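Below: the structure, in structure tokens.
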Amino acid sequence: MDFRTYVKDYPNKEGYFGEYGGAFLPPQLIPAFAEITEAYQTICHSSQFISELRRIRKEFQGRPTPVYHCENLSRLCGSTQIYLKREDLNHTGAHKLNHCMGEGLLAKFMGKKKLIAETGAGQHGVALATAAAFFGLECEIHMGEVDIAKQAPNVARMKILGATVVPVTHGLKTLKEAVDSAFEAYMNQYQDSIYCIGSVVGPHPFPMMVRDFQAVVGIEAREQFIDMTGNLPDAIVACVGGGSNATGLFGAFLNDPVDIYGVEPMGRGSDIGDHAATLTFGKKGILHGFESILLQEADGSPSPVYSIASGLDYPGVGPEHAFLRDLGRVTYGSVTDDETVDAFFKLSRNEGIIPAIESAHAVAYAMKMARAGAVGSILVNCSGRGDKDMDYIIENYGFGDKYL
Ligand SMILES: *Cc1c(COP(=O)(O)O)cnc(C)c1O
């Protein structure tokens with residue numbers, strides 16, 4: 001397939017990437033999502049919107065983030081050269097702010113007063129609360145009571161940034177219930193507010209909008225890599241939860257002779273409930289308003305999933321990833337918790353970069369490829385920094401002596 005016009009051609013008007021995507025909405029919300037789609041399609045071509053987003057990225061987020069050559073880590077793994085796109089240096093410490101600032105600016109242009117979302121580990125909540133503070137918008141974050149107890153520092157950050165954190169007390173009191181709760185809240189106040197999804201998932205137009213807002217990662221990285229080395233990388237790698245940091249990196253390289261890899265969490269192993277390797281084990285289905293590949297039970301309900309990285313702990317995947325897999329353009333692999341923690345400590349000790357556990361999945365996969373020696377250079381998206389993971393790592397793995 002020719003990818004030169006891919007971004008224009010996909011998704012189609014109904015939000016489909018091939019057979020995946022779409023918008024499965026309660027009838028009351030169909031007009032609200034149509035309004036968002038229409039506003040986005042107008043605004044994203046406006047020079048005022050584009051120049052404002054550019055200014056925000058440069059002056060507030062600190063973009064462009066650098067590409068860094070990991071010479072020490074590369075030496076440790078053989079002769080392949082490993083490079084990182086440093087999204088961990090983006091303001092708030094991860095790539096998520098890229099789409100949250102876009103969603104916030106869209107809300108502002110649409111005259112909305114409030115941003116509504118759910119959050120699991122709190123990363124999306126913090127990024128969105130940051131955007132709301134910047135734009136002077138209200139922010140309402142729905143979060144399961146269990147997650148609120150587990151993620152105290154992120155809850156504190158959201159509150160300091162001025163967001164209202166709504167505890168969700170029914171069911172398992174985690175992400176799935178928080179999604180239902182946020183959706184219900186949005187249904188009751190969609191005139192004045194906008195629902196901001198945290199990845200390339202959910203009903204159309206979110207998989208498209210979030211992809212477009214994240215595209216800056218790949219556009220910058222491609223140019224930076226060519227400037228540094230004179231060539232394209234042989235391979236690029238990113239971790240896949242919902243898939244936003246991955247689509248962000250991949251977009252600019254789709255039409256290049258570059259191998260592309262998405263990395264899913266194999267967790268503790270391949271049994272149900274031990275991993276979140278959606279594209280490895282999933283089947284087609286509908287979840288949270290979109291059609292994609294999902295980990296699901298015989299009755300179609302989502303399977304229990306697990307990942308050491310709370311940002312990858314999702315039983316679905318963005319529809320575009322399912323499509324890119326079917327096209328054969330992107331290869332989806334996986335790494336285990338153990339390989340991930342090994343990469344986490346090796347990158348920290350050898351390069352002075354403590355990655356998010358999510359990002360350590362991508363680093364682990366690149367290290368495996370490097371050890372196998374099949375490619376000359378690999379560019380990895382370091383989607384975030386690991387400060388948020390310190391307590392968990394120390395409690396479960398100490399200071400990593402067994403990994404050195
Ligand atoms: C949330 C998160 C992810 C996973 O989300 P994607 O949409 O798959 O990118 C990955 N890395 C970090 C640092 C995150 O915070």
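Each chain in the structure tokens gets a letter, A, B and so on, in the order shown; residues start at 1 in every chain, and ligands are counted from 1 in the order they appear.
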Residues at most 7 Å from Gly242 in chain A, counting only C-alpha atoms, excluding those fewer than 5 positions away in the same chain, as a CSV table (one decimal) with N, CA and C atoms, in the first residue's frame?
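Result written to selection_2.csv:
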```csv
chain,number,residue,atom,x,y,z
A,199,SER,N,-6.5,8.7,24.9
A,199,SER,CA,-5.7,7.9,24.0
A,199,SER,C,-6.4,7.9,22.6
A,200,VAL,N,-5.8,7.1,21.7
A,200,VAL,CA,-6.5,7.0,20.4
A,200,VAL,C,-7.6,6.0,20.4
A,201,VAL,N,-8.4,6.1,21.4
A,201,VAL,CA,-9.6,5.1,21.5
A,201,VAL,C,-10.9,5.9,21.7
A,314,TYR,N,-5.2,-2.1,29.6
A,314,TYR,CA,-6.5,-1.8,28.9
A,314,TYR,C,-6.8,-2.9,28.0
A,316,GLY,N,-8.5,-3.1,25.4
A,316,GLY,CA,-8.7,-2.7,24.0
A,316,GLY,C,-7.5,-2.1,23.4
A,317,VAL,N,-7.6,-1.7,22.1
A,317,VAL,CA,-6.5,-0.9,21.5
A,317,VAL,C,-7.1,0.0,20.5
A,318,GLY,N,-6.5,1.1,20.2
A,318,GLY,CA,-7.0,2.0,19.2
A,318,GLY,C,-7.3,1.4,17.9
```
Around ligand 1, out to 9 Å and counting only C-alpha atoms and all ligand atoms, which residues are there? I want them as a PDB file with N, CA and C atoms, in the first residue's frame.
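The result, written out as selection.pdb:
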```
ATOM      1  N   GLU A  87      10.121  12.001  24.983  1.00  0.00           N
ATOM      2  CA  GLU A  87       8.840  12.562  25.424  1.00  0.00           C
ATOM      3  C   GLU A  87       8.758  12.683  26.942  1.00  0.00           C
ATOM      4  N   ASP A  88       9.691  11.995  27.639  1.00  0.00           N
ATOM      5  CA  ASP A  88       9.751  12.169  29.091  1.00  0.00           C
ATOM      6  C   ASP A  88      10.128  13.601  29.459  1.00  0.00           C
ATOM      7  N   GLY A  93       5.993  15.475  31.982  1.00  0.00           N
ATOM      8  CA  GLY A  93       6.738  14.227  32.013  1.00  0.00           C
ATOM      9  C   GLY A  93       6.242  13.105  31.139  1.00  0.00           C
ATOM     10  N   ALA A  94       5.370  13.397  30.176  1.00  0.00           N
ATOM     11  CA  ALA A  94       4.943  12.349  29.240  1.00  0.00           C
ATOM     12  C   ALA A  94       4.305  12.960  28.001  1.00  0.00           C
ATOM     13  N   HIS A  95       4.059  12.088  27.024  1.00  0.00           N
ATOM     14  CA  HIS A  95       3.477  12.541  25.757  1.00  0.00           C
ATOM     15  C   HIS A  95       2.021  12.977  25.889  1.00  0.00           C
ATOM     16  N   LYS A  96       1.342  12.583  26.976  1.00  0.00           N
ATOM     17  CA  LYS A  96      -0.106  12.816  27.068  1.00  0.00           C
ATOM     18  C   LYS A  96      -0.479  14.295  26.941  1.00  0.00           C
ATOM     19  N   ALA A 121      -4.683   5.545  36.328  1.00  0.00           N
ATOM     20  CA  ALA A 121      -3.545   5.809  37.201  1.00  0.00           C
ATOM     21  C   ALA A 121      -3.414   7.297  37.520  1.00  0.00           C
ATOM     22  N   GLY A 122      -4.126   8.129  36.781  1.00  0.00           N
ATOM     23  CA  GLY A 122      -4.080   9.552  37.067  1.00  0.00           C
ATOM     24  C   GLY A 122      -3.234  10.351  36.099  1.00  0.00           C
ATOM     25  N   GLN A 123      -2.557   9.672  35.150  1.00  0.00           N
ATOM     26  CA  GLN A 123      -1.675  10.397  34.221  1.00  0.00           C
ATOM     27  C   GLN A 123      -2.480  11.291  33.276  1.00  0.00           C
ATOM     28  N   HIS A 124      -3.557  10.734  32.717  1.00  0.00           N
ATOM     29  CA  HIS A 124      -4.403  11.543  31.832  1.00  0.00           C
ATOM     30  C   HIS A 124      -5.060  12.664  32.630  1.00  0.00           C
ATOM     31  N   GLY A 198      -8.266  10.047  26.599  1.00  0.00           N
ATOM     32  CA  GLY A 198      -6.847  10.077  26.898  1.00  0.00           C
ATOM     33  C   GLY A 198      -5.958   9.248  25.989  1.00  0.00           C
ATOM     34  N   SER A 199      -6.518   8.684  24.908  1.00  0.00           N
ATOM     35  CA  SER A 199      -5.686   7.922  23.984  1.00  0.00           C
ATOM     36  C   SER A 199      -6.400   7.874  22.628  1.00  0.00           C
ATOM     37  N   VAL A 200      -5.837   7.102  21.698  1.00  0.00           N
ATOM     38  CA  VAL A 200      -6.458   7.008  20.359  1.00  0.00           C
ATOM     39  C   VAL A 200      -7.570   5.953  20.380  1.00  0.00           C
ATOM     40  N   VAL A 201      -8.450   6.055  21.381  1.00  0.00           N
ATOM     41  CA  VAL A 201      -9.559   5.117  21.545  1.00  0.00           C
ATOM     42  C   VAL A 201     -10.859   5.916  21.670  1.00  0.00           C
ATOM     43  N   ALA A 238       7.507   1.600  19.814  1.00  0.00           N
ATOM     44  CA  ALA A 238       6.765   2.317  20.862  1.00  0.00           C
ATOM     45  C   ALA A 238       5.881   1.334  21.616  1.00  0.00           C
ATOM     46  N   CYS A 239       5.616   1.617  22.888  1.00  0.00           N
ATOM     47  CA  CYS A 239       4.688   0.780  23.654  1.00  0.00           C
ATOM     48  C   CYS A 239       3.255   1.129  23.274  1.00  0.00           C
ATOM     49  N   VAL A 240       2.365   0.165  23.442  1.00  0.00           N
ATOM     50  CA  VAL A 240       0.963   0.361  23.060  1.00  0.00           C
ATOM     51  C   VAL A 240       0.049   0.004  24.232  1.00  0.00           C
ATOM     52  N   GLY A 241      -0.619   1.028  24.758  1.00  0.00           N
ATOM     53  CA  GLY A 241      -1.703   0.797  25.701  1.00  0.00           C
ATOM     54  C   GLY A 241      -2.979   0.964  24.887  1.00  0.00           C
ATOM     55  N   GLY A 242      -3.500   2.212  24.852  1.00  0.00           N
ATOM     56  CA  GLY A 242      -4.524   2.555  23.860  1.00  0.00           C
ATOM     57  C   GLY A 242      -3.857   2.802  22.515  1.00  0.00           C
ATOM     58  N   GLY A 243      -2.633   3.339  22.580  1.00  0.00           N
ATOM     59  CA  GLY A 243      -1.839   3.495  21.372  1.00  0.00           C
ATOM     60  C   GLY A 243      -1.527   4.914  20.931  1.00  0.00           C
ATOM     61  N   SER A 244      -1.654   5.909  21.834  1.00  0.00           N
ATOM     62  CA  SER A 244      -1.450   7.287  21.362  1.00  0.00           C
ATOM     63  C   SER A 244       0.020   7.637  21.142  1.00  0.00           C
ATOM     64  N   ASN A 245       0.908   7.237  22.053  1.00  0.00           N
ATOM     65  CA  ASN A 245       2.320   7.600  21.819  1.00  0.00           C
ATOM     66  C   ASN A 245       2.852   6.838  20.611  1.00  0.00           C
ATOM     67  N   ALA A 246       2.328   5.627  20.403  1.00  0.00           N
ATOM     68  CA  ALA A 246       2.764   4.837  19.248  1.00  0.00           C
ATOM     69  C   ALA A 246       2.296   5.462  17.932  1.00  0.00           C
ATOM     70  N   THR A 247       1.014   5.791  17.812  1.00  0.00           N
ATOM     71  CA  THR A 247       0.576   6.433  16.556  1.00  0.00           C
ATOM     72  C   THR A 247       1.308   7.737  16.346  1.00  0.00           C
ATOM     73  N   GLY A 248       1.598   8.444  17.462  1.00  0.00           N
ATOM     74  CA  GLY A 248       2.327   9.703  17.359  1.00  0.00           C
ATOM     75  C   GLY A 248       3.666   9.512  16.681  1.00  0.00           C
ATOM     76  N   ALA A 309       2.537  -1.866  34.180  1.00  0.00           N
ATOM     77  CA  ALA A 309       2.404  -0.440  33.839  1.00  0.00           C
ATOM     78  C   ALA A 309       0.927  -0.093  33.777  1.00  0.00           C
ATOM     79  N   SER A 310       0.466   0.758  34.691  1.00  0.00           N
ATOM     80  CA  SER A 310      -0.977   1.034  34.724  1.00  0.00           C
ATOM     81  C   SER A 310      -1.439   1.718  33.438  1.00  0.00           C
ATOM     82  N   GLY A 311      -0.550   2.404  32.728  1.00  0.00           N
ATOM     83  CA  GLY A 311      -0.937   3.062  31.476  1.00  0.00           C
ATOM     84  C   GLY A 311      -1.131   2.091  30.312  1.00  0.00           C
ATOM     85  N   LEU A 312      -0.747   0.826  30.493  1.00  0.00           N
ATOM     86  CA  LEU A 312      -0.903  -0.154  29.404  1.00  0.00           C
ATOM     87  C   LEU A 312      -1.993  -1.177  29.719  1.00  0.00           C
ATOM     88  N   ASP A 313      -2.649  -0.968  30.852  1.00  0.00           N
ATOM     89  CA  ASP A 313      -3.567  -1.939  31.429  1.00  0.00           C
ATOM     90  C   ASP A 313      -4.972  -1.734  30.852  1.00  0.00           C
ATOM     91  N   VAL A 317      -7.601  -1.652  22.149  1.00  0.00           N
ATOM     92  CA  VAL A 317      -6.501  -0.940  21.504  1.00  0.00           C
ATOM     93  C   VAL A 317      -7.123  -0.017  20.462  1.00  0.00           C
ATOM     94  N   GLY A 318      -6.469   1.097  20.180  1.00  0.00           N
ATOM     95  CA  GLY A 318      -6.997   2.036  19.199  1.00  0.00           C
ATOM     96  C   GLY A 318      -7.273   1.353  17.864  1.00  0.00           C
ATOM     97  N   PRO A 355      13.008   5.784  32.962  1.00  0.00           N
ATOM     98  CA  PRO A 355      11.809   5.854  32.110  1.00  0.00           C
ATOM     99  C   PRO A 355      10.543   5.468  32.880  1.00  0.00           C
ATOM    100  N   ALA A 356       9.395   5.881  32.386  1.00  0.00           N
ATOM    101  CA  ALA A 356       8.127   5.340  32.879  1.00  0.00           C
ATOM    102  C   ALA A 356       8.124   3.833  32.627  1.00  0.00           C
ATOM    103  N   ILE A 357       7.428   3.067  33.471  1.00  0.00           N
ATOM    104  CA  ILE A 357       7.410   1.608  33.250  1.00  0.00           C
ATOM    105  C   ILE A 357       6.761   1.296  31.900  1.00  0.00           C
ATOM    106  N   GLU A 358       5.801   2.122  31.482  1.00  0.00           N
ATOM    107  CA  GLU A 358       5.195   1.937  30.154  1.00  0.00           C
ATOM    108  C   GLU A 358       6.290   1.991  29.091  1.00  0.00           C
ATOM    109  N   SER A 359       7.067   3.074  29.121  1.00  0.00           N
ATOM    110  CA  SER A 359       8.113   3.290  28.118  1.00  0.00           C
ATOM    111  C   SER A 359       9.182   2.204  28.189  1.00  0.00           C
ATOM    112  N   ALA A 360       9.441   1.685  29.397  1.00  0.00           N
ATOM    113  CA  ALA A 360      10.458   0.636  29.562  1.00  0.00           C
ATOM    114  C   ALA A 360      10.086  -0.615  28.749  1.00  0.00           C
ATOM    115  N   ASN A 381      10.359   5.388  21.238  1.00  0.00           N
ATOM    116  CA  ASN A 381       9.659   6.489  21.885  1.00  0.00           C
ATOM    117  C   ASN A 381       9.706   6.298  23.402  1.00  0.00           C
ATOM    118  N   CYS A 382      10.454   7.177  24.070  1.00  0.00           N
ATOM    119  CA  CYS A 382      10.473   7.163  25.533  1.00  0.00           C
ATOM    120  C   CYS A 382       9.291   8.031  25.966  1.00  0.00           C
ATOM    121  N   SER A 383       8.112   7.393  26.074  1.00  0.00           N
ATOM    122  CA  SER A 383       6.858   8.152  26.197  1.00  0.00           C
ATOM    123  C   SER A 383       6.739   8.950  27.485  1.00  0.00           C
ATOM    124  N   GLY A 384       7.470   8.545  28.542  1.00  0.00           N
ATOM    125  CA  GLY A 384       7.348   9.308  29.788  1.00  0.00           C
ATOM    126  C   GLY A 384       8.463   8.990  30.763  1.00  0.00           C
ATOM    127  N   ARG A 385       8.512   9.777  31.827  1.00  0.00           N
ATOM    128  CA  ARG A 385       9.561   9.577  32.836  1.00  0.00           C
ATOM    129  C   ARG A 385       9.021   8.749  33.999  1.00  0.00           C
ATOM    130  N   GLY A 386       9.946   8.185  34.764  1.00  0.00           N
ATOM    131  CA  GLY A 386       9.564   7.187  35.762  1.00  0.00           C
ATOM    132  C   GLY A 386       9.338   7.685  37.168  1.00  0.00           C
TER     133      GLY A 386
END
```
Quiz item: Hey, can you check how far CA of Arg329 in chain A sits from CA of Gly15 in chain A?
Solution: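 About the pair CA of Arg329 in chain A and CA of Gly15 in chain A: they are 19.8 Å apart.
Taking only C-alpha atoms, the non-local environment of Glu264 in chain A within 9 Å (same-chain residues fewer than 2 positions away omitted) comprises A:Cys239, A:Val240, A:Gly241, A:Gly262, A:Met266, A:Gly267, A:His275, A:Ala276, A:Ala277, A:Thr278, A:Leu279, A:Thr280, A:Leu312, A:Tyr332, A:Gly333, A:Ser334, A:Val335, A:Thr336, A:His361, A:Ala362.
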Exercise. Skip range 70-78 of chain A itself and residues of its chain fewer than 5 positions away, then list as a list in words all residues within 9 Å of it, counting only C-alpha atoms.
Key: Tyr83, Leu84, Lys346, Leu347, Asn350, Glu351, Met367, Lys368, Met369, Ala370, Arg371, Ala372 and Gly373 of chain A
Practice problem: To one decimal in Å, tell me the separation between CA of Leu404 in chain A and CA of Ala366 in chain A. | Solution: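 Spanning CA of Leu404 in chain A to CA of Ala366 in chain A is a straight-line distance of 17.7 Å.
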Quiz prompt | Option closest in space to Asn188 in chain A, from A:Tyr40, A:Gly22, A:Arg349, A:Ile116 [counting only C-alpha atoms] | solution = A:Ile116
